[in-house]
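As provided, target-v6.cif (mmCIF, C-alpha atoms) reads as follows.
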data_target
loop_
_atom_site.group_PDB
_atom_site.id
_atom_site.type_symbol
_atom_site.label_atom_id
_atom_site.label_comp_id
_atom_site.auth_asym_id
_atom_site.auth_seq_id
_atom_site.Cartn_x
_atom_site.Cartn_y
_atom_site.Cartn_z
ATOM 1 C CA MET M 1 0.000 0.000 0.000
ATOM 2 C CA LEU M 2 2.807 2.388 0.851
ATOM 3 C CA LEU M 3 4.468 1.775 -2.514
ATOM 4 C CA PHE M 4 1.187 2.491 -4.290
ATOM 5 C CA ARG M 5 0.768 5.773 -2.402
ATOM 6 C CA TRP M 6 4.282 6.871 -3.322
ATOM 7 C CA ALA M 7 3.643 5.980 -6.969
ATOM 8 C CA MET M 8 0.506 8.142 -7.015
ATOM 9 C CA LEU M 9 2.366 11.004 -5.362
ATOM 10 C CA LEU M 10 5.218 10.802 -7.861
ATOM 11 C CA LEU M 11 2.789 10.677 -10.794
ATOM 12 C CA LEU M 12 1.016 13.767 -9.508
ATOM 13 C CA LEU M 13 4.310 15.550 -8.968
ATOM 14 C CA GLY M 14 5.417 14.608 -12.485
ATOM 15 C CA ALA M 15 2.222 16.050 -13.957
ATOM 16 C CA ALA M 16 2.759 19.278 -12.009
ATOM 17 C CA VAL M 17 6.326 19.541 -13.308
ATOM 18 C CA CYS M 18 5.150 19.004 -16.884
ATOM 19 C CA PHE M 19 2.517 21.736 -16.524
ATOM 20 C CA ALA M 20 5.138 24.060 -15.011
ATOM 21 C CA PHE M 21 7.410 23.414 -18.007
ATOM 22 C CA TYR M 22 4.473 24.115 -20.314
ATOM 23 C CA ALA M 23 3.766 27.396 -18.523
ATOM 24 C CA GLY M 24 7.437 28.355 -18.724
ATOM 25 C CA THR M 25 8.221 27.348 -22.293
ATOM 26 C CA GLY M 26 4.843 27.316 -24.046
ATOM 27 C CA GLN M 27 5.679 24.049 -25.813
ATOM 28 C CA SER M 28 2.599 21.918 -26.305
ATOM 29 C CA ARG M 29 4.460 18.637 -25.798
ATOM 30 C CA TYR M 30 4.766 19.373 -22.060
ATOM 31 C CA ARG M 31 1.019 19.984 -21.820
ATOM 32 C CA ARG M 32 0.384 16.696 -23.623
ATOM 33 C CA TRP M 33 2.751 14.828 -21.272
ATOM 34 C CA GLY M 34 1.150 16.523 -18.276
ATOM 35 C CA LEU M 35 -2.338 15.509 -19.351
ATOM 36 C CA LEU M 36 -1.202 11.951 -20.041
ATOM 37 C CA THR M 37 0.463 11.714 -16.631
ATOM 38 C CA LEU M 38 -2.591 13.222 -14.956
ATOM 39 C CA LYS M 39 -4.832 10.685 -16.689
ATOM 40 C CA TRP M 40 -2.745 7.788 -15.362
ATOM 41 C CA THR M 41 -2.690 9.371 -11.910
ATOM 42 C CA ILE M 42 -6.479 9.486 -11.854
ATOM 43 C CA ILE M 43 -6.675 5.877 -13.051
ATOM 44 C CA ALA M 44 -4.231 4.813 -10.323
ATOM 45 C CA ALA M 45 -6.237 6.707 -7.692
ATOM 46 C CA LEU M 46 -9.471 5.050 -8.801
ATOM 47 C CA LEU M 47 -7.835 1.636 -8.598
ATOM 48 C CA PHE M 48 -6.454 2.467 -5.166
ATOM 49 C CA PHE M 49 -9.877 3.426 -3.836
ATOM 50 C CA ALA M 50 -11.470 0.414 -5.510
ATOM 51 C CA VAL M 51 -9.066 -1.868 -3.659
ATOM 52 C CA LEU M 52 -9.866 -0.081 -0.383
ATOM 53 C CA ILE M 53 -13.600 -0.489 -0.944
ATOM 54 C CA VAL M 54 -13.257 -4.173 -1.864
ATOM 55 C CA THR M 55 -11.174 -4.897 1.236
ATOM 56 C CA ARG M 56 -13.776 -3.163 3.425
ATOM 57 C CA ILE M 57 -16.609 -5.212 1.892
ATOM 58 C CA ALA M 58 -14.786 -8.553 2.105
#
As structure tokens, please, write out the structure in this file.
Amino acid sequence: MLLFRWAMLLLLLGAAVCFAFYAGTGQSRYRRWGLLTLKWTIIAALLFFAVLIVTRIA
């Protein structure tokens, strides 16, 4: 569980860094990478909460 939490935190931090690069440089590739990283962060968070819900039910 701890590893999963760190992975989500690092994904979120990576998305923030990509958006900061996009704001600084204006290059659209950083925005695209930021959105892609954010998408995977949201998917990981949903899976994390799904596992928590399943363990509470079982």
Q | Pick from M:Leu9, M:Leu2, M:Ile57, M:Ala15, whichever lies nearest to M:Thr37 using only C-alpha atoms | A | M:Ala15
Q: Considering all atoms listed in the file, return as number ranges by chain whatever protein or nucleic-acid residues lie within 12 Å of M:Leu47, sequence-local ones (same chain, fewer than 4 positions apart) excluded.
A: M: 1, 4-5, 8, 40-43, 51-54
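Evaluated against the shown file, the PyMOL selection byres ((chain M and resi 31) around 9) gives Ala15, Cys18, Phe19, Ala20, Phe21, Tyr22, Ala23, Gly26, Gln27, Ser28, Arg29, Tyr30, Arg32, Trp33, Gly34, Leu35 and Leu36 of chain M.
Reported to one decimal place, the separation of atom CA of M:Leu38 from atom CA of M:Val17 is 11.1 Å.
When atom CA of M:Leu11 is paired with atom CA of M:Ala44, their separation reads 9.2 Å.
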Quick one: chain M from the block, C-alpha atoms, as a compact mmCIF listing (two decimals), in the first residue's frame.
# COMPACT_ATOMS: atom_id res chain seq x y z
CA MET M 1 0.00 0.00 0.00
CA LEU M 2 2.81 2.39 0.85
CA LEU M 3 4.47 1.77 -2.51
CA PHE M 4 1.19 2.49 -4.29
CA ARG M 5 0.77 5.77 -2.40
CA TRP M 6 4.28 6.87 -3.32
CA ALA M 7 3.64 5.98 -6.97
CA MET M 8 0.51 8.14 -7.01
CA LEU M 9 2.37 11.00 -5.36
CA LEU M 10 5.22 10.80 -7.86
CA LEU M 11 2.79 10.68 -10.79
CA LEU M 12 1.02 13.77 -9.51
CA LEU M 13 4.31 15.55 -8.97
CA GLY M 14 5.42 14.61 -12.48
CA ALA M 15 2.22 16.05 -13.96
CA ALA M 16 2.76 19.28 -12.01
CA VAL M 17 6.33 19.54 -13.31
CA CYS M 18 5.15 19.00 -16.88
CA PHE M 19 2.52 21.74 -16.52
CA ALA M 20 5.14 24.06 -15.01
CA PHE M 21 7.41 23.41 -18.01
CA TYR M 22 4.47 24.11 -20.31
CA ALA M 23 3.77 27.40 -18.52
CA GLY M 24 7.44 28.36 -18.72
CA THR M 25 8.22 27.35 -22.29
CA GLY M 26 4.84 27.32 -24.05
CA GLN M 27 5.68 24.05 -25.81
CA SER M 28 2.60 21.92 -26.30
CA ARG M 29 4.46 18.64 -25.80
CA TYR M 30 4.77 19.37 -22.06
CA ARG M 31 1.02 19.98 -21.82
CA ARG M 32 0.38 16.70 -23.62
CA TRP M 33 2.75 14.83 -21.27
CA GLY M 34 1.15 16.52 -18.28
CA LEU M 35 -2.34 15.51 -19.35
CA LEU M 36 -1.20 11.95 -20.04
CA THR M 37 0.46 11.71 -16.63
CA LEU M 38 -2.59 13.22 -14.96
CA LYS M 39 -4.83 10.68 -16.69
CA TRP M 40 -2.75 7.79 -15.36
CA THR M 41 -2.69 9.37 -11.91
CA ILE M 42 -6.48 9.49 -11.85
CA ILE M 43 -6.68 5.88 -13.05
CA ALA M 44 -4.23 4.81 -10.32
CA ALA M 45 -6.24 6.71 -7.69
CA LEU M 46 -9.47 5.05 -8.80
CA LEU M 47 -7.84 1.64 -8.60
CA PHE M 48 -6.45 2.47 -5.17
CA PHE M 49 -9.88 3.43 -3.84
CA ALA M 50 -11.47 0.41 -5.51
CA VAL M 51 -9.07 -1.87 -3.66
CA LEU M 52 -9.87 -0.08 -0.38
CA ILE M 53 -13.60 -0.49 -0.94
CA VAL M 54 -13.26 -4.17 -1.86
CA THR M 55 -11.17 -4.90 1.24
CA ARG M 56 -13.78 -3.16 3.42
CA ILE M 57 -16.61 -5.21 1.89
CA ALA M 58 -14.79 -8.55 2.11
